[in-house]
Amino acid sequence: MDKTVNQKAWFLVLPVFLVVAFSAVLPLMTVVNYSMQDTFGNNQFFWNGVGWFKELLDPSTDLGGRFLASLGRNLFFSLVILAIEVPLGIVVALSMPREGWTVAACLVILALPLLIPWNVVGTIWQIFGRPDIGLLGYVLNAAGFDYNYVSNDIDAWVTVIVMDVWHWTSLVALLCYAGLKSIPEAYYQAAQIDGASRWAVFKAIQLPKMNRVLLIAVLLRFMDSFMIYTEPFVVTGGGPGNSTTFVSIELVKIALGQFDLGKAAALSLVYNLIILIVCWIFYTVMTNAGVERKVQAASEPAVEPKPSVGLKPVPAFKPKEGVA
Amino acid sequence: MHSIPGRRLIMGLFLVFLLLPIYWLVNMSFKTNSEIVSTMTLWPHTPTLQHYKRIFTDESWYSGYINSLEYVVLNTIISISVALPAAYAFSRYRFLGDKHLFFWLLSNRMAPAAVYALPFFNLYSAIGLFDTPWAVALAHCIFNVPLAVWILEGFVSGVPREIDETAFLDGYSFPRFFIKILVPLIASGIGVAAFFCFMFSWVELLLARTLTSVSAKPIAAIMTRTVSAAGMDWGLLAAAGVLTIIPGALVIWFVRNYIARGFALGRV
């Protein structure tokens, strides 16, 4: 049952290691290299030590001010969309039809926004929200709201947030639905015998069973919204002013717009470090959840259909239909 | 599964919310530009196929779709073929640094593309791959290979270890066992992983745009260029957008039962 120790397994992993190292380690070394140097064009580089990092973390400088402001905006954005998408996703998952062809139809429509290229998502909302040609903008203006995402900060924010809710709530809903599906019918029957209320069933049965998928959903949504670039870039271009400029947009502006290699590299490293820390938390929590489940499953030989678990899955045949 | 009161209404409203913007895009793609700009109509009053016709006849447009498909397919093939053996190794064996390696892979799936845009530009220019589908295909490996490894690992772990042992006792060599026995057993997993590689490569724009200039320009980049240059040809833009949605919408049916699993990196 336990995995055997076999160092030859490295040969199997080697291709992956080489491919990812080529596209991750090499570029990252370039970034580290740039982050310590300054350039005045002509490919002449000068040693700058930690100068860029000092500037980056000091809000009184131009670079630091821009970085910290975009970081703040990005964190605020992530929190807002999490606060909307997670409850909404749970509600939608609970509203899924029980059986029949409608289940498949709902799944397909739910997944549709997830498969649209990100810049097209931006285009869709750009068109949809325009006061002159878009349904949303037109209706809002006709109803007396002075809505224009191009010139008004708040409207731009609302548009970007609604767009993200449109784009990604389905992800939370699909994950929750997969979690709900794994609850055996017997649990509900027991709850019915006990005369449990709807709310009690949700709190005592459904929520605990969903906590693992919810965790994945929250962390994935946090990471992806923290790296968001294409959609707001297409819709607002980071504007009006800088009001919807998130970290990635700022970074691309500095790196590919101004070709300020040193500054961009320093920003990249700090940005990457933040991601790495969150990612580590994600990984630890996820593997721990896997172990916990295993222990739980071992202590109560439940009838529960077993989804694949964490890093050390039990060797049981999964039904072909898998999850969802 | 027990649902909540008013679920039909909630589901209905949410689906309308999802479909309305897409409907608007489709609607606009069938309108003439004068109709788009002059009046607000809920459906095309003078339906036209001129935008679609233009895309299918103008090489600078349809070549974008071909370029995109080229690097997406390349990327999917590379990702799956390197990820398969690794997934098996992670699922069956313990070896030096396995957990660190697994985490490192995950961290690359999460890395922001914006960080890599500039170094990739330098790297692929230096080795002469800039503006070829290979550059984009290799660049997209940074998030697709880890994803494929994670998804496939879940599926390989679903195959009982006894099957490996029996096969080896029967005298199968490792490569033969891998191709003849393991791959057919996890065929659905390979399909799911391929679908997700295809999808994430298809929806990504930043790296694809940075690493191409003329001859390998993806459709997404052609769209953004036209928006700014051609004086807002809304109908054409909408038609191009509709055409990018179609591949995803077509294959979604086959993986509808696995979507959650793929998005959860194979961990549901």
# chains A, B, ... in the order shown; residues from 1 in each chain; ligands from 1
$ select_by_dssp --residues "segment 116-163 of chain A" --states "helix (DSSP H, G or I)" --output "MDAnalysis selection string"
chainID A and resid 118:129 135:142 153:163
$ write_last_selection --atoms "C-alpha atoms" --output "PDB file, in the first residue's frame"
ATOM      1  CA  TRP A 118      -9.435  35.523 -21.479  1.00  0.00           C
ATOM      2  CA  ASN A 119      -9.143  38.386 -23.898  1.00  0.00           C
ATOM      3  CA  VAL A 120     -12.481  37.409 -25.440  1.00  0.00           C
ATOM      4  CA  VAL A 121     -13.988  37.513 -21.945  1.00  0.00           C
ATOM      5  CA  GLY A 122     -12.690  41.057 -21.816  1.00  0.00           C
ATOM      6  CA  THR A 123     -14.093  41.805 -25.252  1.00  0.00           C
ATOM      7  CA  ILE A 124     -17.495  40.379 -24.343  1.00  0.00           C
ATOM      8  CA  TRP A 125     -17.782  42.645 -21.321  1.00  0.00           C
ATOM      9  CA  GLN A 126     -16.305  45.588 -23.131  1.00  0.00           C
ATOM     10  CA  ILE A 127     -19.066  45.314 -25.702  1.00  0.00           C
ATOM     11  CA  PHE A 128     -21.757  44.339 -23.210  1.00  0.00           C
ATOM     12  CA  GLY A 129     -21.019  47.279 -20.920  1.00  0.00           C
ATOM     13  CA  LEU A 135     -27.072  45.865 -23.592  1.00  0.00           C
ATOM     14  CA  LEU A 136     -25.938  46.344 -19.994  1.00  0.00           C
ATOM     15  CA  GLY A 137     -24.668  49.894 -20.428  1.00  0.00           C
ATOM     16  CA  TYR A 138     -27.682  50.882 -22.480  1.00  0.00           C
ATOM     17  CA  VAL A 139     -30.212  49.486 -20.007  1.00  0.00           C
ATOM     18  CA  LEU A 140     -28.453  51.021 -17.019  1.00  0.00           C
ATOM     19  CA  ASN A 141     -28.302  54.424 -18.647  1.00  0.00           C
ATOM     20  CA  ALA A 142     -31.899  54.176 -19.793  1.00  0.00           C
ATOM     21  CA  ASP A 153     -13.602  54.735 -11.407  1.00  0.00           C
ATOM     22  CA  ILE A 154     -16.412  53.042  -9.540  1.00  0.00           C
ATOM     23  CA  ASP A 155     -18.143  51.896 -12.703  1.00  0.00           C
ATOM     24  CA  ALA A 156     -14.864  50.465 -13.960  1.00  0.00           C
ATOM     25  CA  TRP A 157     -14.419  48.545 -10.703  1.00  0.00           C
ATOM     26  CA  VAL A 158     -17.970  47.260 -10.757  1.00  0.00           C
ATOM     27  CA  THR A 159     -17.532  46.110 -14.348  1.00  0.00           C
ATOM     28  CA  VAL A 160     -14.281  44.297 -13.626  1.00  0.00           C
ATOM     29  CA  ILE A 161     -15.756  42.602 -10.550  1.00  0.00           C
ATOM     30  CA  VAL A 162     -18.995  41.570 -12.270  1.00  0.00           C
ATOM     31  CA  MET A 163     -16.918  40.270 -15.145  1.00  0.00           C
TER      32      MET A 163
END
$ interface_residues --of "chain A" --to "chain B" --cutoff "6 Å" --atoms "only C-alpha atoms" --output "PyMOL selection string"
chain A and resi 3-7+9+12-13+15-16+20+23+27+94-95+115-118+120+174-175+227+248+268+315-318+324
$ residues_around --residues "His51 of chain B" --least-positions-apart "2" --cutoff "9 Å" --atoms "only C-alpha atoms" --output "ChimeraX atom specification"
/B:29-32,48-49,53-56,235-240
$ residues_around --residues "Phe177 of chain B" --least-positions-apart "6" --cutoff "12 Å" --atoms "only C-alpha atoms" --output "list in words"
Pro85, Tyr88, Ile163, Asp164, Glu165, Thr166, Ala167, Phe168, Leu169, Asp170, Gly171, Val183, Pro184 and Leu185 of chain B
$ residues_around --residues "Ser170 of chain A" --least-positions-apart "5" --cutoff "12 Å" --atoms "only C-alpha atoms" --output "CSV table (one decimal) with C-alpha atoms, in the first residue's frame"
chain,number,residue,atom,x,y,z
A,85,GLU,CA,-18.0,34.1,-5.7
A,86,VAL,CA,-17.7,31.6,-2.8
A,87,PRO,CA,-21.2,32.1,-1.3
A,88,LEU,CA,-22.7,32.4,-4.8
A,89,GLY,CA,-20.9,29.3,-6.0
A,90,ILE,CA,-22.3,27.3,-3.0
A,91,VAL,CA,-25.8,28.5,-3.7
A,92,VAL,CA,-25.6,27.7,-7.4
A,93,ALA,CA,-24.1,24.2,-6.5
A,96,MET,CA,-28.3,22.1,-9.4
A,106,CYS,CA,-26.4,23.0,-16.6
A,107,LEU,CA,-22.9,21.6,-16.3
A,108,VAL,CA,-22.1,22.5,-19.9
A,109,ILE,CA,-23.5,26.0,-19.6
A,110,LEU,CA,-21.7,26.6,-16.3
A,111,ALA,CA,-18.4,25.5,-17.8
A,112,LEU,CA,-18.8,27.7,-20.8
A,113,PRO,CA,-17.3,30.9,-19.4
A,114,LEU,CA,-14.3,29.0,-18.2
A,115,LEU,CA,-13.4,28.0,-21.7
A,164,ASP,CA,-14.8,38.1,-12.8
A,165,VAL,CA,-17.9,36.8,-11.1
A,175,LEU,CA,-16.1,22.2,-7.4
A,176,CYS,CA,-18.8,22.4,-4.7
A,177,TYR,CA,-21.1,20.3,-6.8
A,217,ALA,CA,-11.7,26.7,-4.8
A,221,ARG,CA,-9.5,31.8,-7.0
B,11,MET,CA,-30.3,28.3,-11.3
B,14,PHE,CA,-27.7,32.4,-12.9
B,15,LEU,CA,-27.7,30.7,-16.3
B,17,PHE,CA,-26.6,35.9,-16.2
B,18,LEU,CA,-24.0,33.6,-17.8
B,259,ILE,CA,-14.5,19.5,-15.3
B,260,ALA,CA,-14.4,19.9,-11.6
B,263,PHE,CA,-9.9,22.6,-12.3
$ atom_distance --atom1 "atom CA of Val150 of chain A" --atom2 "atom CA of Gln258 of chain A"
23.8 Å
$ residues_around --residues "segment 195-211 of chain A" --least-positions-apart "5" --cutoff "8 Å" --atoms "only C-alpha atoms" --output "PyMOL selection string"
(chain A and resi 176+179-180+183+187-188) or (chain B and resi 4)
